[in-house]
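**Q** The structure file target30.txt (compact mmCIF, C-alpha atoms) is provided below.
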```
# COMPACT_ATOMS: atom_id res chain seq x y z
CA MET A 1190 -0.03 -1.78 28.63
CA THR A 1191 2.66 -0.25 26.42
CA GLU A 1192 5.96 -2.09 26.51
CA ILE A 1193 9.05 0.03 27.09
CA LEU A 1194 11.49 -0.35 24.21
CA LYS A 1195 15.09 -0.94 25.21
CA LYS A 1196 17.81 1.02 23.45
CA SER A 1197 19.31 -2.26 22.23
CA ASP A 1198 16.04 -3.39 20.63
CA PRO A 1199 15.92 -2.94 16.84
CA VAL A 1200 13.40 -0.47 15.46
CA LEU A 1201 13.39 -1.84 11.92
CA ASP A 1202 13.24 -5.26 10.33
CA ILE A 1203 15.19 -5.53 7.05
CA ARG A 1204 14.50 -8.47 4.72
CA VAL A 1205 16.05 -8.82 1.29
CA GLY A 1206 15.83 -10.93 -1.84
CA SER A 1207 18.86 -12.81 -3.15
CA GLN A 1208 19.99 -10.24 -5.73
CA ALA A 1209 19.30 -7.34 -3.39
CA ARG A 1210 21.58 -8.92 -0.78
CA GLN A 1211 24.42 -9.26 -3.28
CA LEU A 1212 24.15 -5.65 -4.44
CA ILE A 1213 23.97 -4.22 -0.91
CA LEU A 1214 26.95 -6.29 0.25
CA LYS A 1215 28.92 -5.05 -2.75
CA GLU A 1216 27.93 -1.38 -2.88
CA GLY A 1217 25.71 -0.66 0.11
CA LEU A 1218 22.14 0.63 -0.08
CA GLN A 1219 22.36 3.61 -2.42
CA ALA A 1220 19.56 5.89 -3.61
CA HIS A 1221 20.57 5.56 -7.27
CA HIS A 1222 19.92 1.81 -7.09
CA VAL A 1223 16.21 2.31 -6.32
CA ASP A 1224 13.94 2.30 -9.37
CA ILE A 1225 10.68 0.79 -8.03
CA ILE A 1226 8.74 1.36 -4.79
CA PRO A 1227 5.64 -0.72 -3.93
CA GLY A 1228 2.94 0.36 -1.50
CA ALA A 1229 0.67 -2.29 -0.02
CA ALA A 1230 -3.03 -2.26 0.77
CA GLY A 1231 -3.74 -2.26 4.49
CA GLY A 1232 -5.90 0.70 5.50
CA PRO A 1233 -4.63 2.86 8.36
CA LYS A 1234 -1.57 0.66 8.85
CA GLY A 1235 -0.18 2.74 5.98
CA ILE A 1236 -0.19 5.94 8.06
CA GLY A 1237 1.50 4.04 10.89
CA ILE A 1238 4.77 4.09 8.90
CA GLN A 1239 4.54 7.79 8.05
CA GLY A 1240 7.96 8.60 9.47
CA LEU A 1241 9.57 5.93 7.30
CA ASP A 1242 7.88 7.35 4.17
CA GLN A 1243 9.10 10.83 5.05
CA ALA A 1244 12.68 9.66 5.48
CA ILE A 1245 12.70 7.65 2.25
CA PHE A 1246 10.94 10.16 -0.01
CA GLY A 1247 12.05 13.33 1.71
CA GLU A 1248 15.73 12.64 2.45
CA PHE A 1249 17.01 9.38 0.95
CA LEU A 1250 15.69 9.30 -2.64
CA PRO A 1251 16.49 12.99 -3.37
CA ARG A 1252 20.18 12.06 -3.04
CA ALA A 1253 19.85 10.62 -6.55
CA GLN A 1254 17.13 12.38 -8.50
CA GLN A 1255 15.74 10.09 -11.19
CA ARG A 1256 12.41 8.79 -12.42
CA ARG A 1257 11.01 5.94 -10.32
CA THR A 1258 7.92 3.77 -10.60
CA LEU A 1259 5.59 3.85 -7.57
CA ILE A 1260 3.16 0.92 -7.56
CA GLY A 1261 0.33 1.30 -5.06
CA SER A 1262 -2.67 -0.76 -4.07
CA SER A 1263 -5.42 0.83 -1.95
CA ILE A 1264 -3.82 2.98 0.81
CA GLY A 1265 -0.47 2.43 -0.90
CA SER A 1266 -1.67 4.39 -3.93
CA TRP A 1267 -3.08 7.14 -1.66
CA ARG A 1268 0.27 7.44 0.14
CA PHE A 1269 2.10 7.84 -3.14
CA ALA A 1270 -0.43 10.30 -4.58
CA SER A 1271 -0.15 12.47 -1.48
CA ILE A 1272 3.65 12.48 -1.73
CA ALA A 1273 3.63 13.25 -5.46
CA GLY A 1274 1.05 15.99 -4.99
CA HIS A 1275 2.27 17.77 -1.87
CA GLY A 1276 5.80 16.54 -1.19
CA ALA A 1277 7.01 13.92 1.27
CA LYS A 1278 6.36 15.56 4.63
CA PRO A 1279 3.35 17.80 3.89
CA GLY A 1280 1.72 15.04 1.84
CA THR A 1281 2.04 12.29 4.43
CA ASP A 1282 1.16 14.71 7.24
CA LEU A 1283 -2.06 15.63 5.42
CA LEU A 1284 -2.94 12.00 4.71
CA GLY A 1285 -2.38 11.07 8.34
CA GLU A 1286 -4.44 14.00 9.59
CA LEU A 1287 -7.36 13.35 7.25
CA TYR A 1288 -7.42 9.61 7.90
CA THR A 1289 -7.12 9.99 11.66
CA HIS A 1290 -10.12 12.31 11.83
CA LEU A 1291 -12.46 10.15 9.75
CA GLU A 1292 -15.53 9.05 11.69
CA PHE A 1293 -17.60 5.93 11.03
CA ASP A 1294 -20.21 3.99 12.94
CA LYS A 1295 -21.79 0.58 12.47
CA LYS A 1296 -25.13 2.07 11.37
CA MET A 1297 -23.71 3.76 8.27
CA THR A 1298 -24.66 2.35 4.88
CA ARG A 1299 -21.91 1.45 2.42
CA HIS A 1300 -22.98 4.45 0.35
CA GLU A 1301 -22.48 6.75 3.34
CA VAL A 1302 -19.07 5.19 4.06
CA GLY A 1303 -18.15 5.72 0.42
CA VAL A 1304 -19.12 9.40 0.57
CA VAL A 1305 -16.93 9.97 3.64
CA CYS A 1306 -13.94 8.26 1.98
CA ARG A 1307 -14.44 10.13 -1.30
CA GLU A 1308 -14.54 13.48 0.54
CA MET A 1309 -11.25 12.64 2.24
CA LEU A 1310 -9.66 11.67 -1.06
CA HIS A 1311 -10.90 14.86 -2.71
CA GLN A 1312 -9.26 16.93 0.02
CA LEU A 1313 -6.05 15.01 -0.59
CA VAL A 1314 -5.69 15.41 -4.36
CA ALA A 1315 -8.13 18.06 -5.63
CA GLY A 1316 -6.38 20.62 -7.83
CA LEU A 1317 -3.17 18.57 -7.93
CA GLU A 1318 -4.22 15.89 -10.40
CA GLN A 1319 -2.09 17.14 -13.29
CA ASN A 1320 0.97 17.53 -11.07
CA ILE A 1321 0.58 13.98 -9.75
CA VAL A 1322 0.19 12.19 -13.08
CA GLU A 1323 2.89 14.28 -14.77
CA HIS A 1324 5.35 14.26 -11.87
CA THR A 1325 8.95 14.57 -13.00
CA ASP A 1326 10.33 11.92 -10.62
CA TYR A 1327 7.42 9.57 -9.95
CA HIS A 1328 5.51 7.32 -12.35
CA LEU A 1329 2.41 6.57 -10.28
CA THR A 1330 0.86 3.18 -10.98
CA VAL A 1331 -2.49 2.37 -9.35
CA LEU A 1332 -3.74 -1.20 -8.90
CA ALA A 1333 -7.45 -2.03 -8.84
CA VAL A 1334 -9.73 -4.90 -9.86
CA LYS A 1335 -12.55 -5.06 -12.37
CA SER A 1336 -15.53 -7.01 -11.03
CA GLU A 1337 -17.07 -9.79 -13.10
CA LYS A 1338 -20.31 -11.83 -12.99
CA ILE A 1339 -22.46 -11.12 -9.93
CA PHE A 1340 -19.54 -9.34 -8.25
CA LYS A 1341 -20.50 -6.31 -10.37
CA SER A 1342 -23.53 -5.77 -8.15
CA ASP A 1343 -23.56 -3.62 -5.01
CA ARG A 1344 -26.54 -5.45 -3.55
CA THR A 1345 -25.77 -7.36 -0.39
CA LEU A 1346 -26.71 -10.91 -1.39
CA PRO A 1347 -24.78 -10.97 -4.70
CA LEU A 1348 -21.82 -9.33 -2.98
CA LEU A 1349 -21.71 -11.87 -0.17
CA ALA A 1350 -22.16 -14.75 -2.61
CA SER A 1351 -19.30 -13.37 -4.70
CA VAL A 1352 -17.01 -13.06 -1.69
CA LEU A 1353 -17.74 -16.67 -0.73
CA GLY A 1354 -16.99 -17.70 -4.31
CA ILE A 1355 -13.72 -15.77 -4.30
CA VAL A 1356 -12.65 -17.33 -1.00
CA ALA A 1357 -13.41 -20.84 -2.24
CA SER A 1358 -11.75 -20.41 -5.64
CA ASN A 1359 -8.70 -18.70 -4.14
CA ALA A 1360 -8.24 -21.62 -1.74
CA ILE A 1361 -7.76 -23.87 -4.79
CA ALA A 1362 -5.41 -21.48 -6.64
CA ARG A 1363 -5.11 -17.71 -6.96
CA PRO A 1364 -5.91 -17.59 -10.70
CA LYS A 1365 -9.22 -19.36 -10.01
CA MET A 1366 -10.49 -16.00 -8.74
CA LYS A 1367 -10.55 -14.78 -12.36
CA THR A 1368 -14.21 -15.77 -12.55
CA PHE A 1369 -14.95 -12.80 -10.30
CA VAL A 1370 -12.01 -10.38 -10.63
CA GLU A 1371 -9.62 -9.06 -13.26
CA ARG A 1372 -6.56 -6.95 -12.51
CA VAL A 1373 -6.33 -3.30 -13.57
CA ILE A 1374 -3.05 -1.40 -13.87
CA ALA A 1375 -3.75 2.32 -14.31
CA GLN A 1376 -0.76 4.54 -15.07
CA PRO A 1377 0.23 7.62 -17.08
CA GLN A 1378 0.97 6.83 -20.70
CA ALA A 1379 4.76 6.98 -20.94
CA GLU A 1380 7.77 4.97 -22.02
CA GLN A 1381 8.17 3.81 -18.44
CA ASN A 1382 4.89 1.91 -18.39
CA PHE A 1383 4.82 -0.97 -15.91
CA LYS A 1384 3.84 -4.30 -17.46
CA ILE A 1385 3.77 -7.86 -16.18
CA SER A 1386 3.87 -11.31 -17.74
CA ASP A 1387 0.82 -13.55 -17.71
CA ASP A 1388 0.10 -14.87 -14.20
CA GLY A 1389 -3.33 -16.37 -14.81
CA PHE A 1390 -5.32 -13.14 -14.30
CA LYS A 1391 -6.66 -11.04 -17.13
CA THR A 1392 -4.93 -7.67 -16.80
CA HIS A 1393 -6.31 -4.40 -18.15
CA TYR A 1394 -3.88 -1.54 -18.78
CA CYS A 1395 -5.68 1.78 -18.46
CA PRO A 1396 -4.47 5.37 -18.83
CA LEU A 1397 -4.14 7.37 -15.61
CA ASN A 1398 -4.76 11.06 -16.19
CA ALA A 1399 -5.99 14.18 -14.44
CA SER A 1400 -9.64 13.47 -15.27
CA ASN A 1401 -9.72 9.95 -13.81
CA LEU A 1402 -7.03 9.99 -11.09
CA GLU A 1403 -9.48 10.45 -8.23
CA ASP A 1404 -11.75 7.68 -9.52
CA TRP A 1405 -8.86 5.21 -9.85
CA LEU A 1406 -7.56 6.03 -6.37
CA MET A 1407 -11.07 5.58 -4.98
CA ALA A 1408 -11.55 2.31 -6.85
CA SER A 1409 -8.22 1.00 -5.60
CA ALA A 1410 -9.44 1.38 -2.00
CA SER A 1411 -13.11 0.38 -2.44
CA ILE A 1412 -13.47 -2.60 -0.11
CA PRO A 1413 -16.33 -4.91 -1.17
CA VAL A 1414 -19.39 -4.81 1.12
CA ALA A 1415 -17.94 -1.80 3.02
CA VAL A 1416 -17.83 0.66 0.07
CA PRO A 1417 -19.65 0.68 -3.30
CA ALA A 1418 -17.77 -0.09 -6.49
CA VAL A 1419 -16.60 2.83 -8.63
CA ARG A 1420 -18.28 2.95 -12.04
CA ASN A 1421 -18.03 4.97 -15.24
CA ILE A 1422 -14.33 5.74 -14.94
CA ALA A 1423 -13.17 7.92 -17.82
CA ASP A 1424 -10.99 6.21 -20.45
CA ALA A 1425 -11.66 2.74 -18.97
CA PRO A 1426 -13.89 -0.16 -20.05
CA GLU A 1427 -17.41 0.03 -18.65
CA GLY A 1428 -17.58 -1.87 -15.38
CA ALA A 1429 -17.47 -1.94 -11.58
CA TYR A 1430 -14.04 -1.38 -10.06
CA ARG A 1431 -12.94 -2.33 -6.55
CA ASP A 1432 -10.05 -2.65 -4.11
CA GLY A 1433 -6.74 -3.61 -5.74
CA GLY A 1434 -5.80 -5.61 -2.67
CA LEU A 1435 -8.20 -8.39 -3.66
CA ILE A 1436 -5.58 -9.60 -6.13
CA ASP A 1437 -2.51 -7.53 -5.21
CA TYR A 1438 -2.62 -7.08 -1.44
CA HIS A 1439 1.13 -6.77 -0.82
CA ILE A 1440 2.00 -6.64 -4.53
CA ASP A 1441 3.84 -9.86 -5.37
CA LEU A 1442 4.51 -8.98 -9.01
CA PRO A 1443 7.48 -9.38 -11.38
CA PHE A 1444 8.88 -5.87 -10.95
CA GLN A 1445 11.57 -6.04 -13.67
CA SER A 1446 13.79 -3.79 -11.59
CA GLN A 1447 17.25 -2.97 -12.90
CA GLY A 1448 18.46 -2.04 -9.44
CA LEU A 1449 16.49 -2.36 -6.20
CA VAL A 1450 12.83 -2.49 -5.23
CA LEU A 1451 12.69 -0.47 -2.00
CA TYR A 1452 9.59 -1.54 -0.11
CA PRO A 1453 8.52 0.44 3.00
CA HIS A 1454 5.99 -1.95 4.51
CA PHE A 1455 4.01 -2.36 7.71
CA THR A 1456 4.84 -6.04 8.19
CA ASP A 1457 7.86 -8.28 7.62
CA SER A 1458 6.31 -10.55 4.98
CA ILE A 1459 4.55 -10.27 1.62
CA THR A 1460 1.07 -11.80 1.27
CA PRO A 1461 0.08 -11.92 -2.43
CA GLY A 1462 -3.70 -11.36 -2.21
CA TRP A 1463 -6.09 -10.20 0.52
CA PHE A 1464 -7.70 -13.62 0.92
CA ASP A 1465 -4.28 -15.28 1.13
CA LYS A 1466 -4.16 -14.03 4.73
CA MET A 1467 -6.24 -17.11 5.50
CA LEU A 1468 -3.69 -19.42 3.88
CA LYS A 1469 -0.40 -19.61 5.78
CA SER A 1470 1.22 -21.58 2.96
CA ARG A 1471 0.54 -18.84 0.37
CA LYS A 1472 3.85 -17.00 0.16
CA ALA A 1473 5.42 -14.46 -2.19
CA ASN A 1474 7.27 -15.70 -5.26
CA PRO A 1475 11.01 -15.40 -4.48
CA ASP A 1476 11.75 -14.71 -8.15
CA ASN A 1477 9.45 -11.67 -8.03
CA GLN A 1478 11.14 -10.39 -4.89
CA ALA A 1479 14.78 -11.13 -5.78
CA ARG A 1480 15.66 -7.42 -5.87
CA THR A 1481 13.37 -6.35 -3.02
CA VAL A 1482 14.52 -4.64 0.17
CA LEU A 1483 11.59 -4.93 2.59
CA ILE A 1484 11.73 -2.43 5.44
CA SER A 1485 9.19 -2.75 8.23
CA PRO A 1486 8.69 -1.96 11.94
CA SER A 1487 10.30 -4.53 14.22
CA ALA A 1488 8.26 -6.68 16.59
CA SER A 1489 9.74 -4.85 19.58
CA TYR A 1490 8.86 -1.47 18.06
CA LEU A 1491 5.25 -2.59 17.52
CA ARG A 1492 4.93 -3.86 21.09
CA GLY A 1493 5.98 -0.41 22.31
CA LEU A 1494 3.14 1.40 20.51
CA PRO A 1495 0.07 2.61 22.45
CA LEU A 1496 -2.09 -0.20 21.04
CA GLY A 1497 0.77 -2.70 20.78
CA ARG A 1498 0.36 -2.56 17.00
CA LEU A 1499 -0.14 -0.13 14.13
CA PRO A 1500 -3.50 1.66 13.64
CA ASP A 1501 -6.13 -0.67 12.22
CA ARG A 1502 -9.47 -0.26 10.46
CA LYS A 1503 -11.22 -2.14 13.27
CA ASP A 1504 -10.32 0.69 15.66
CA PHE A 1505 -13.20 2.77 14.25
CA THR A 1506 -15.72 0.40 15.84
CA LEU A 1507 -13.61 -1.24 18.54
CA LYS A 1508 -15.66 -1.76 21.69
CA GLY A 1509 -14.55 0.50 24.52
CA LEU A 1510 -12.57 2.83 22.27
CA SER A 1511 -14.19 6.22 21.73
CA GLN A 1512 -13.54 8.43 18.71
CA GLN A 1513 -11.54 10.84 20.90
CA GLN A 1514 -9.43 8.03 22.35
CA ARG A 1515 -8.81 6.50 18.93
CA ILE A 1516 -7.64 9.82 17.50
CA ALA A 1517 -5.25 10.32 20.42
CA LEU A 1518 -3.81 6.80 20.11
CA TRP A 1519 -3.39 7.07 16.36
CA LYS A 1520 -1.64 10.42 16.70
CA GLN A 1521 0.75 8.86 19.20
CA SER A 1522 1.47 6.00 16.79
CA ILE A 1523 2.10 8.40 13.92
CA ALA A 1524 4.42 10.51 16.06
CA GLU A 1525 6.33 7.41 17.11
CA SER A 1526 6.85 6.50 13.46
CA GLN A 1527 9.47 9.24 13.18
CA ARG A 1528 11.75 6.78 14.92
CA LEU A 1529 11.34 4.41 11.96
CA GLY A 1530 12.59 7.11 9.61
CA ASP A 1531 15.46 8.07 11.91
CA ALA A 1532 16.54 4.43 12.20
CA PHE A 1533 16.46 4.01 8.42
CA LEU A 1534 18.58 7.09 7.77
CA GLU A 1535 21.06 5.99 10.43
CA LEU A 1536 21.36 2.58 8.76
CA VAL A 1537 21.99 4.23 5.40
CA GLU A 1538 24.58 6.52 6.93
CA LYS A 1539 26.48 3.71 8.64
CA GLN A 1540 25.72 1.04 6.00
CA GLU A 1541 25.42 -1.62 8.70
CA PHE A 1542 23.03 -3.81 6.71
CA GLU A 1543 25.20 -6.90 6.63
CA THR A 1544 24.61 -7.68 10.30
CA ILE A 1545 20.86 -7.15 10.30
CA MET A 1546 19.62 -8.24 6.85
CA GLN A 1547 17.49 -11.39 6.83
CA ASP A 1548 16.30 -13.38 3.85
CA LEU A 1549 12.92 -12.41 2.46
```
Represent the supplied structure as structure tokens.
**A**
Amino acid sequence: MTEILKKSDPVLDIRVGSQARQLILKEGLQAHHVDIIPGAAGGPKGIGIQGLDQAIFGEFLPRAQQRRTLIGSSIGSWRFASIAGHGAKPGTDLLGELYTHLEFDKKMTRHEVGVVCREMLHQLVAGLEQNIVEHTDYHLTVLAVKSEKIFKSDRTLPLLASVLGIVASNAIARPKMKTFVERVIAQPQAEQNFKISDDGFKTHYCPLNASNLEDWLMASASIPVAVPAVRNIADAPEGAYRDGGLIDYHIDLPFQSQGLVLYPHFTDSITPGWFDKMLKSRKANPDNQARTVLISPSASYLRGLPLGRLPDRKDFTLKGLSQQQRIALWKQSIAESQRLGDAFLELVEKQEFETIMQDL
């Protein structure tokens, strides 16, 4: 049963790194401070914060027009591509509409699932590739992984064995996963290129252009076992490429921001890699997030949603939930997300961050 949200209940949770706190206390949260925006992997949770994206990209950032780096993994990269291609509101509206009306069932093969996802992506970016990669204001950076050893295969047994190997090696230390996965950072070739220091993973830097944009976006969201790997990507080393969230789930990277990293997120914490969800002790590096402002739905807001949470991938096959019911519930959740955007813009207007900011 949906919980009724009281007027006094907060809609947003704001968590900040140490340097971000100092800057906001001194000057407030200003659009010209923002130079980097991450977008996490997380499937349909990403469309559950649509209203927040629209407020940030459609009303807040345009107050100070400048070039910004958007770093997306999986659905995060799709959100940013839709915004760069269509604009904040029409882009996120289209992404939400396409994602909401996807249809899957448990009998589908991974190839069939991949075809459905690719068709959705094509509808999202086809004909806009050049505009996206050459956008005046946004330097789109897409995160993916390059599969190694038996993880290159799309056959079930090697895939499952690889996943077990990744889980076991990750439990020892994140860099131990390098036997199976290597990071890929695909971005337009420009002076603003995003680079990171060595963190134990081999990192490939690949050009992002109009001819390979769709492939990199698809690779970034290709969940092992569920969707086949993407192969033969133009201007990239030969290989099998998969979901960027395997290494960079919530993107705990050294951002090298000169101002603020504004992070619209669907949860109030940053989990480095997808398999770190199993490890409660695996937290984000505070040095990486020193300039981060993490903005997410509050616990009370989430309890007030139709499902008591944001849309989730499991809803496609959730027992007792029909396709028609799921679509209706997701549409309600997306509509509710306008309140997230309104709350953010009100906070910016009043600059009342001091009383609500918590440490990240």
**Q** What are the centre and edge lengths in Å, to one decimal, of the axis-aligned box around all listed atoms of region 1234-1249 of chain A with 3 Å added on each side, as AutoDock Vina command-line options?
**A**
```
--center_x 7.7 --center_y 7.0 --center_z 5.4 --size_x 24.6 --size_y 18.7 --size_z 16.9
```
**Q** Restricting the calculation to all atoms listed in the file, which member of A:His1439, A:Lys1338, A:Arg1344, A:Arg1471 is positioned closest to Asn1359 (chain A)?
**A**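 Of all the options, A:Arg1471 lies closest to Asn1359 (chain A).
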**Q** Out of A:Leu1250, A:Ile1374, A:Ala1229, A:Cys1306, which residue has the shortest atom-to-atom distance to Leu1332 (chain A) when counting only C-alpha atoms?
**A** A:Ile1374
**Q** Restricting the calculation to only C-alpha atoms: of A:Thr1368, A:Ser1271, A:Ser1522, A:Ser1409, which residue gets closest to Phe1390 (chain A)?
**A**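 Nearest candidate to Phe1390 (chain A) out of A:Thr1368, A:Ser1271, A:Ser1522, A:Ser1409: A:Thr1368.
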**Q** Any idea what the distance is between CA of Lys1296 (chain A) and CA of Met1407 (chain A)?
**A**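 These atoms are spaced 21.8 Å apart.
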**Q** Using only C-alpha atoms, determine which residues lie at most 9 Å from region 1261-1266 of chain A, disregarding the query and same-chain residues fewer than 3 positions distant; provide the list as a PyMOL selection string.
**A** chain A and resi 1226-1236+1269-1271+1329-1333+1406-1412+1432-1434+1437-1440
**Q** For Asp1294 (chain A), please output as a VMD selection string all residues within 10 Å (counting all atoms listed in the file; exclusion window: fewer than 6 positions along the same chain).
**A** chain A and resid 1302 1505 to 1506 1512
**Q** Generate the output file for the selected residues, C-alpha atoms, as a PDB file, keeping the file's coordinate frame.
**A**
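Output contents, as saved in again_35.pdb:
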```
ATOM      1  CA  VAL A1302     -19.070   5.190   4.060  1.00  0.00           C
ATOM      2  CA  PHE A1505     -13.200   2.770  14.250  1.00  0.00           C
ATOM      3  CA  THR A1506     -15.720   0.400  15.840  1.00  0.00           C
ATOM      4  CA  GLN A1512     -13.540   8.430  18.710  1.00  0.00           C
TER       5      GLN A1512
END
```
**Q** Starting from the incomplete input, reconstruct N, CA and C atoms of region 1317-1329 of chain A and report them as a JSON list (two decimals), in the coordinates of the input.
**A**
```
[["chain", "number", "residue", "atom", "x", "y", "z"],
["A", 1317, "LEU", "N", -4.55, 19.02, -7.73],
["A", 1317, "LEU", "CA", -3.17, 18.57, -7.93],
["A", 1317, "LEU", "C", -3.07, 17.42, -8.92],
["A", 1318, "GLU", "N", -4.17, 17.08, -9.55],
["A", 1318, "GLU", "CA", -4.22, 15.89, -10.40],
["A", 1318, "GLU", "C", -3.16, 15.91, -11.50],
["A", 1319, "GLN", "N", -3.05, 17.04, -12.19],
["A", 1319, "GLN", "CA", -2.09, 17.14, -13.29],
["A", 1319, "GLN", "C", -0.66, 16.99, -12.78],
["A", 1320, "ASN", "N", -0.37, 17.62, -11.65],
["A", 1320, "ASN", "CA", 0.97, 17.53, -11.07],
["A", 1320, "ASN", "C", 1.32, 16.10, -10.70],
["A", 1321, "ILE", "N", 0.34, 15.36, -10.20],
["A", 1321, "ILE", "CA", 0.58, 13.98, -9.75],
["A", 1321, "ILE", "C", 0.87, 13.07, -10.94],
["A", 1322, "VAL", "N", 0.03, 13.13, -11.96],
["A", 1322, "VAL", "CA", 0.19, 12.19, -13.08],
["A", 1322, "VAL", "C", 1.34, 12.58, -14.01],
["A", 1323, "GLU", "N", 1.77, 13.83, -13.93],
["A", 1323, "GLU", "CA", 2.89, 14.28, -14.77],
["A", 1323, "GLU", "C", 4.14, 14.58, -13.95],
["A", 1324, "HIS", "N", 4.22, 13.98, -12.77],
["A", 1324, "HIS", "CA", 5.35, 14.26, -11.87],
["A", 1324, "HIS", "C", 6.67, 13.91, -12.54],
["A", 1325, "THR", "N", 7.65, 14.76, -12.35],
["A", 1325, "THR", "CA", 8.95, 14.57, -13.00],
["A", 1325, "THR", "C", 9.66, 13.31, -12.52],
["A", 1326, "ASP", "N", 9.56, 13.02, -11.23],
["A", 1326, "ASP", "CA", 10.33, 11.92, -10.62],
["A", 1326, "ASP", "C", 9.55, 10.64, -10.40],
["A", 1327, "TYR", "N", 8.21, 10.73, -10.35],
["A", 1327, "TYR", "CA", 7.42, 9.57, -9.95],
["A", 1327, "TYR", "C", 6.40, 9.17, -11.02],
["A", 1328, "HIS", "N", 6.48, 7.91, -11.43],
["A", 1328, "HIS", "CA", 5.51, 7.32, -12.35],
["A", 1328, "HIS", "C", 4.51, 6.54, -11.50],
["A", 1329, "LEU", "N", 3.39, 7.18, -11.17],
["A", 1329, "LEU", "CA", 2.41, 6.57, -10.28],
["A", 1329, "LEU", "C", 1.60, 5.51, -11.00]]
```
